[in-house]
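Listing of input-v7.pdb; format and content: PDB, C-alpha atoms.
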```
MODEL        1
ATOM      1  CA  MET A   1      30.440  77.783-192.652
ATOM      2  CA  SER A   2      27.447  76.072-191.032
ATOM      3  CA  GLN A   3      28.008  74.287-187.745
ATOM      4  CA  PRO A   4      27.049  70.625-187.298
ATOM      5  CA  ALA A   5      23.800  69.798-185.563
ATOM      6  CA  PHE A   6      24.314  68.578-182.008
ATOM      7  CA  PRO A   7      22.988  65.057-181.406
ATOM      8  CA  ASN A   8      20.065  64.470-179.082
ATOM      9  CA  ASP A   9      20.439  61.982-176.240
ATOM     10  CA  LEU A  10      19.343  58.974-178.332
ATOM     11  CA  GLU A  11      21.703  59.914-181.166
ATOM     12  CA  LEU A  12      24.566  60.445-178.719
ATOM     13  CA  ALA A  13      23.956  57.006-177.175
ATOM     14  CA  ALA A  14      23.988  55.444-180.650
ATOM     15  CA  LEU A  15      27.245  57.209-181.560
ATOM     16  CA  ILE A  16      28.928  56.096-178.325
ATOM     17  CA  ALA A  17      27.782  52.517-178.987
ATOM     18  CA  SER A  18      29.287  52.712-182.484
ATOM     19  CA  LYS A  19      32.581  53.952-181.032
ATOM     20  CA  VAL A  20      32.744  51.117-178.502
ATOM     21  CA  CYS A  21      32.098  48.578-181.272
ATOM     22  CA  HIS A  22      34.815  50.211-183.395
ATOM     23  CA  ASP A  23      37.296  49.980-180.506
ATOM     24  CA  VAL A  24      36.781  46.257-179.863
ATOM     25  CA  ILE A  25      36.106  44.879-183.356
ATOM     26  CA  ASN A  26      39.791  44.476-184.250
ATOM     27  CA  PRO A  27      40.868  42.498-181.151
ATOM     28  CA  VAL A  28      37.713  40.357-181.349
ATOM     29  CA  GLY A  29      38.474  39.636-185.001
ATOM     30  CA  ALA A  30      42.045  38.703-184.075
ATOM     31  CA  ILE A  31      40.727  36.294-181.432
ATOM     32  CA  ASN A  32      38.625  34.619-184.120
ATOM     33  CA  ASN A  33      41.662  34.372-186.419
ATOM     34  CA  GLY A  34      43.671  32.779-183.619
ATOM     35  CA  LEU A  35      40.948  30.209-182.974
ATOM     36  CA  GLU A  36      40.832  29.349-186.676
ATOM     37  CA  MET A  37      44.609  28.872-186.632
ATOM     38  CA  LEU A  38      44.286  26.496-183.685
ATOM     39  CA  ASP A  39      41.690  24.481-185.611
ATOM     40  CA  GLU A  40      43.892  24.225-188.689
ATOM     41  CA  GLU A  41      47.402  23.875-187.260
ATOM     42  CA  ASP A  42      49.036  20.769-185.805
ATOM     43  CA  ASP A  43      52.510  22.293-185.510
ATOM     44  CA  PRO A  44      53.226  22.973-181.799
ATOM     45  CA  GLU A  45      55.065  26.234-182.485
ATOM     46  CA  SER A  46      52.198  27.550-184.612
ATOM     47  CA  ARG A  47      49.686  26.598-181.945
ATOM     48  CA  ASP A  48      51.773  28.302-179.260
ATOM     49  CA  TYR A  49      51.905  31.419-181.428
ATOM     50  CA  ALA A  50      48.138  31.345-181.888
ATOM     51  CA  LEU A  51      47.575  30.951-178.145
ATOM     52  CA  ASP A  52      49.920  33.855-177.366
ATOM     53  CA  MET A  53      48.068  36.029-179.887
ATOM     54  CA  ILE A  54      44.694  35.083-178.381
ATOM     55  CA  ARG A  55      45.906  35.891-174.860
ATOM     56  CA  ASN A  56      47.311  39.243-175.992
ATOM     57  CA  VAL A  57      44.286  40.469-177.920
ATOM     58  CA  THR A  58      41.893  39.132-175.275
ATOM     59  CA  SER A  59      43.756  41.266-172.743
ATOM     60  CA  GLN A  60      43.471  44.281-175.067
ATOM     61  CA  ALA A  61      39.749  43.751-175.627
ATOM     62  CA  THR A  62      39.153  43.348-171.881
ATOM     63  CA  ALA A  63      41.009  46.592-171.119
ATOM     64  CA  ARG A  64      39.049  48.485-173.774
ATOM     65  CA  LEU A  65      35.688  47.153-172.592
ATOM     66  CA  LYS A  66      36.485  47.884-168.945
ATOM     67  CA  PHE A  67      37.517  51.397-169.943
ATOM     68  CA  ALA A  68      34.326  51.913-171.973
ATOM     69  CA  ARG A  69      32.192  50.689-169.082
ATOM     70  CA  PHE A  70      33.549  53.416-166.810
ATOM     71  CA  ALA A  71      34.293  56.181-169.346
ATOM     72  CA  TYR A  72      30.948  56.054-171.168
ATOM     73  CA  GLY A  73      28.639  53.717-169.276
ATOM     74  CA  ALA A  74      26.836  53.571-165.958
ATOM     75  CA  ALA A  75      29.498  51.571-164.106
ATOM     76  CA  GLY A  76      29.227  51.970-160.367
ATOM     77  CA  SER A  77      25.755  53.480-160.774
ATOM     78  CA  ALA A  78      24.798  52.329-157.267
ATOM     79  CA  GLY A  79      26.805  55.283-155.919
ATOM     80  CA  ASP A  80      27.768  58.800-156.941
ATOM     81  CA  ALA A  81      31.551  58.372-156.549
ATOM     82  CA  ILE A  82      34.275  56.061-157.855
ATOM     83  CA  ASP A  83      37.452  54.953-156.089
ATOM     84  CA  LEU A  84      40.425  56.768-157.636
ATOM     85  CA  ARG A  85      42.565  53.652-157.231
ATOM     86  CA  MET A  86      40.163  51.837-159.547
ATOM     87  CA  ALA A  87      40.228  54.759-161.970
ATOM     88  CA  GLU A  88      44.029  54.599-162.035
ATOM     89  CA  GLU A  89      44.008  50.856-162.691
ATOM     90  CA  ILE A  90      41.512  51.227-165.552
ATOM     91  CA  ALA A  91      43.434  54.126-167.094
ATOM     92  CA  ARG A  92      46.769  52.301-166.825
ATOM     93  CA  GLU A  93      45.490  49.075-168.393
ATOM     94  CA  TYR A  94      43.833  50.975-171.218
ATOM     95  CA  ALA A  95      46.774  53.271-171.964
ATOM     96  CA  THR A  96      49.592  50.724-171.837
ATOM     97  CA  LYS A  97      48.140  47.614-173.509
ATOM     98  CA  GLY A  98      49.336  48.679-176.961
ATOM     99  CA  GLY A  99      52.945  48.881-175.782
ATOM    100  CA  LYS A 100      53.566  52.410-177.152
ATOM    101  CA  HIS A 101      52.550  54.427-174.117
ATOM    102  CA  THR A 102      53.322  54.633-170.430
ATOM    103  CA  LEU A 103      51.176  56.258-167.759
ATOM    104  CA  ALA A 104      52.105  57.984-164.513
ATOM    105  CA  TRP A 105      49.380  58.850-162.009
ATOM    106  CA  GLN A 106      49.813  61.663-159.491
ATOM    107  CA  GLY A 107      46.809  62.149-157.271
ATOM    108  CA  PRO A 108      45.195  61.606-153.883
ATOM    109  CA  VAL A 109      43.677  58.413-152.557
ATOM    110  CA  GLY A 110      39.942  58.501-152.097
ATOM    111  CA  TYR A 111      36.747  58.861-154.085
ATOM    112  CA  MET A 112      35.755  61.324-156.760
ATOM    113  CA  ALA A 113      32.387  62.153-158.321
ATOM    114  CA  LYS A 114      31.492  59.750-161.115
ATOM    115  CA  ASP A 115      31.212  62.331-163.904
ATOM    116  CA  LYS A 116      34.601  63.782-162.983
ATOM    117  CA  VAL A 117      36.168  60.305-163.137
ATOM    118  CA  LYS A 118      34.604  59.867-166.569
ATOM    119  CA  LEU A 119      36.123  63.181-167.598
ATOM    120  CA  VAL A 120      39.603  62.103-166.412
ATOM    121  CA  LEU A 121      39.336  58.803-168.302
ATOM    122  CA  ASN A 122      38.204  60.517-171.486
ATOM    123  CA  LEU A 123      41.078  62.987-171.216
ATOM    124  CA  VAL A 124      43.453  60.016-170.926
ATOM    125  CA  SER A 125      41.986  58.599-174.130
ATOM    126  CA  LEU A 126      42.321  61.936-175.908
ATOM    127  CA  GLY A 127      45.873  62.118-174.582
ATOM    128  CA  LEU A 128      46.669  58.881-176.385
ATOM    129  CA  SER A 129      45.474  60.446-179.634
ATOM    130  CA  ALA A 130      47.837  63.358-178.961
ATOM    131  CA  LEU A 131      50.750  60.875-178.946
ATOM    132  CA  LEU A 132      50.250  58.842-182.098
ATOM    133  CA  ARG A 133      53.940  57.821-182.096
ATOM    134  CA  GLY A 134      53.821  56.813-178.445
ATOM    135  CA  GLY A 135      55.019  58.517-175.322
ATOM    136  CA  GLU A 136      54.183  59.177-171.688
ATOM    137  CA  LEU A 137      50.937  60.371-170.171
ATOM    138  CA  THR A 138      51.025  61.933-166.709
ATOM    139  CA  VAL A 139      47.667  62.276-164.956
ATOM    140  CA  MET A 140      47.707  64.967-162.256
ATOM    141  CA  ILE A 141      44.802  65.357-159.831
ATOM    142  CA  ASP A 142      45.006  68.293-157.418
ATOM    143  CA  GLN A 143      42.880  69.599-154.557
ATOM    144  CA  ARG A 144      40.300  67.561-152.673
ATOM    145  CA  PRO A 145      38.732  64.584-154.493
ATOM    146  CA  ASP A 146      35.281  66.174-154.105
ATOM    147  CA  HIS A 147      36.410  69.442-155.745
ATOM    148  CA  PRO A 148      39.322  68.548-158.017
ATOM    149  CA  ALA A 149      41.295  70.164-160.766
ATOM    150  CA  PHE A 150      43.228  67.854-163.028
ATOM    151  CA  ALA A 151      45.424  67.696-166.092
ATOM    152  CA  VAL A 152      46.899  65.141-168.464
ATOM    153  CA  ARG A 153      50.415  65.924-169.702
ATOM    154  CA  CYS A 154      51.256  64.321-173.055
ATOM    155  CA  ARG A 155      54.982  63.933-173.667
ATOM    156  CA  GLY A 156      56.426  62.243-176.717
ATOM    157  CA  GLN A 157      57.725  62.747-180.231
ATOM    158  CA  GLY A 158      55.331  64.762-182.353
ATOM    159  CA  ALA A 159      52.900  65.517-179.527
ATOM    160  CA  ARG A 160      49.984  67.545-180.844
ATOM    161  CA  PRO A 161      46.537  68.657-179.671
ATOM    162  CA  PRO A 162      43.938  65.884-179.994
ATOM    163  CA  THR A 163      42.166  66.074-183.334
ATOM    164  CA  HIS A 164      39.219  68.502-183.330
ATOM    165  CA  LEU A 165      39.370  69.196-179.575
ATOM    166  CA  ILE A 166      40.244  72.870-180.062
ATOM    167  CA  GLU A 167      37.445  73.231-182.624
ATOM    168  CA  PHE A 168      34.888  71.794-180.204
ATOM    169  CA  LEU A 169      36.174  73.970-177.352
ATOM    170  CA  THR A 170      36.054  77.179-179.382
ATOM    171  CA  GLY A 171      32.917  76.314-181.346
ATOM    172  CA  GLN A 172      34.705  77.259-184.581
ATOM    173  CA  ASN A 173      34.895  75.016-187.672
ATOM    174  CA  MET A 174      33.548  72.022-185.776
ATOM    175  CA  PRO A 175      33.525  68.753-187.748
ATOM    176  CA  PRO A 176      30.433  66.574-188.164
ATOM    177  CA  ILE A 177      29.698  64.630-184.988
ATOM    178  CA  ASP A 178      30.039  60.962-185.911
ATOM    179  CA  ALA A 179      31.528  57.772-184.469
ATOM    180  CA  LEU A 180      35.053  59.133-185.044
ATOM    181  CA  THR A 181      34.537  62.526-183.389
ATOM    182  CA  VAL A 182      31.940  61.664-180.757
ATOM    183  CA  GLN A 183      34.434  61.034-177.962
ATOM    184  CA  THR A 184      35.880  64.538-178.309
ATOM    185  CA  TYR A 185      32.377  66.008-178.300
ATOM    186  CA  TYR A 186      31.377  63.781-175.365
ATOM    187  CA  THR A 187      34.431  64.929-173.383
ATOM    188  CA  CYS A 188      33.392  68.539-173.856
ATOM    189  CA  ARG A 189      29.862  67.662-172.749
ATOM    190  CA  LEU A 190      31.244  65.969-169.636
ATOM    191  CA  ALA A 191      33.266  69.071-168.783
ATOM    192  CA  GLN A 192      30.122  71.179-169.067
ATOM    193  CA  GLN A 193      28.246  68.726-166.856
ATOM    194  CA  CYS A 194      31.037  68.937-164.268
ATOM    195  CA  ARG A 195      31.117  72.739-164.586
ATOM    196  CA  MET A 196      34.789  72.585-165.440
ATOM    197  CA  ARG A 197      36.694  74.497-168.084
ATOM    198  CA  LEU A 198      38.750  72.492-170.562
ATOM    199  CA  GLU A 199      41.930  73.939-172.025
ATOM    200  CA  VAL A 200      44.614  72.697-174.410
ATOM    201  CA  LEU A 201      47.993  74.104-173.403
ATOM    202  CA  ARG A 202      51.553  73.819-174.692
ATOM    203  CA  ASP A 203      54.542  73.494-172.377
ATOM    204  CA  GLY A 204      57.550  73.279-174.631
ATOM    205  CA  ALA A 205      57.017  70.190-176.759
ATOM    206  CA  ASP A 206      54.401  68.791-174.350
ATOM    207  CA  ILE A 207      50.640  69.062-174.681
ATOM    208  CA  ILE A 208      48.587  69.521-171.521
ATOM    209  CA  LEU A 209      44.867  68.823-171.346
ATOM    210  CA  SER A 210      43.562  70.753-168.345
ATOM    211  CA  ALA A 211      40.198  70.800-166.560
ATOM    212  CA  ARG A 212      39.417  73.285-163.797
ATOM    213  CA  ALA A 213      36.281  74.499-162.056
TER     214      ALA A 213
ENDMDL
END
```
Final structure tokens representation of the file:
Amino acid sequence: MSQPAFPNDLELAALIASKVCHDVINPVGAINNGLEMLDEEDDPESRDYALDMIRNVTSQATARLKFARFAYGAAGSAGDAIDLRMAEEIAREYATKGGKHTLAWQGPVGYMAKDKVKLVLNLVSLGLSALLRGGELTVMIDQRPDHPAFAVRCRGQGARPPTHLIEFLTGQNMPPIDALTVQTYYTCRLAQQCRMRLEVLRDGADIILSARA
């Protein structure tokens, strides 16, 4: 079976942009629906419902955009490191806004290289896809912030390896790289950039996404 062609830098940027648009289009559309309801409804209860919906989906869209800014973009480009407290806040907001997941963060206080923070955030996102029915993510960062090893434990009913991650790691039967698979591919590219080895491990019913130098 032929392997998919790897995207060049311009194609990768376009695919990441498509993914970000895909992630925010639903909450933005819901905001528009809520505004239309406000325009059409005079009933106080209906207007309160519309306002609650707008607040909720606005919060979701904000969390997703903030996550995308740090996980894929050039956020904090003035420096080479990102505060781990900020990384935790971004990961927690992103992971828990849907109400199906919780996130525990076990790691040091301090700064970590930007690409490694991006890798942690992308592993959190892949961890969510490993827990489609909901569950708990535990982010574990060990060693010094400037030379870390980290893992994301995925615990919940029906936990499974993130779709296509094993294929990208092994180079076998890789799917086409498109807007749906680009984050998995991008995560593997980040690990290579950080000179860290990604692994998908099982611990009982849990899935662990590990990255080590």
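With atom CA of Leu51 of chain A on one side and atom CA of Ile90 of chain A on the other, the separation reads 24.6 Å.
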Quick one: apply the PyMOL selection byres ((chain A and resi 188) around 9) to the file and drop the selected residues here as a PyMOL selection string. chain A and resi 119+165+168-169+183-187+189-193+197-198
Selection result of the PyMOL selection byres ((chain A and resi 131) around 12) on this file, as a PyMOL selection string: chain A and resi 95+100-102+124-130+132-137+152-163+205-208
Starting from the PyMOL selection byres ((chain A and resi 144) around 12), expand the selection into actual residues of this file and give them as a PyMOL selection string. chain A and resi 84+107-113+141-143+145-150
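Proximity of A:Glu36, A:Ala87, A:Asp23, A:Thr96 to Ala61 of chain A, computed with all atoms listed in the file, is greatest for A:Asp23.
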Judged by all atoms listed in the file, the minimum distance to Ala50 of chain A among A:Leu103, A:Ile31, A:Ala68, A:Leu123 is found for A:Ile31
The residue from A:Ala17, A:Leu65, A:Leu180, A:Val117 with the smallest atom-to-atom distance to Arg85 of chain A, counting only C-alpha atoms, is A:Val117
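A straight line drawn from atom CA of Gly29 of chain A to atom CA of Glu11 of chain A is 26.6 Å long.
Closest approach to Ile25 of chain A from the set A:Pro4, A:Thr62, A:Asp115, A:Phe67 is made by A:Thr62, with distances taken over all atoms listed in the file.
Using all atoms listed in the file, the shortest contact distance between Ala81 of chain A and any of A:Phe6, A:Lys116, A:Ile54, A:Gln106 is found at A:Lys116.
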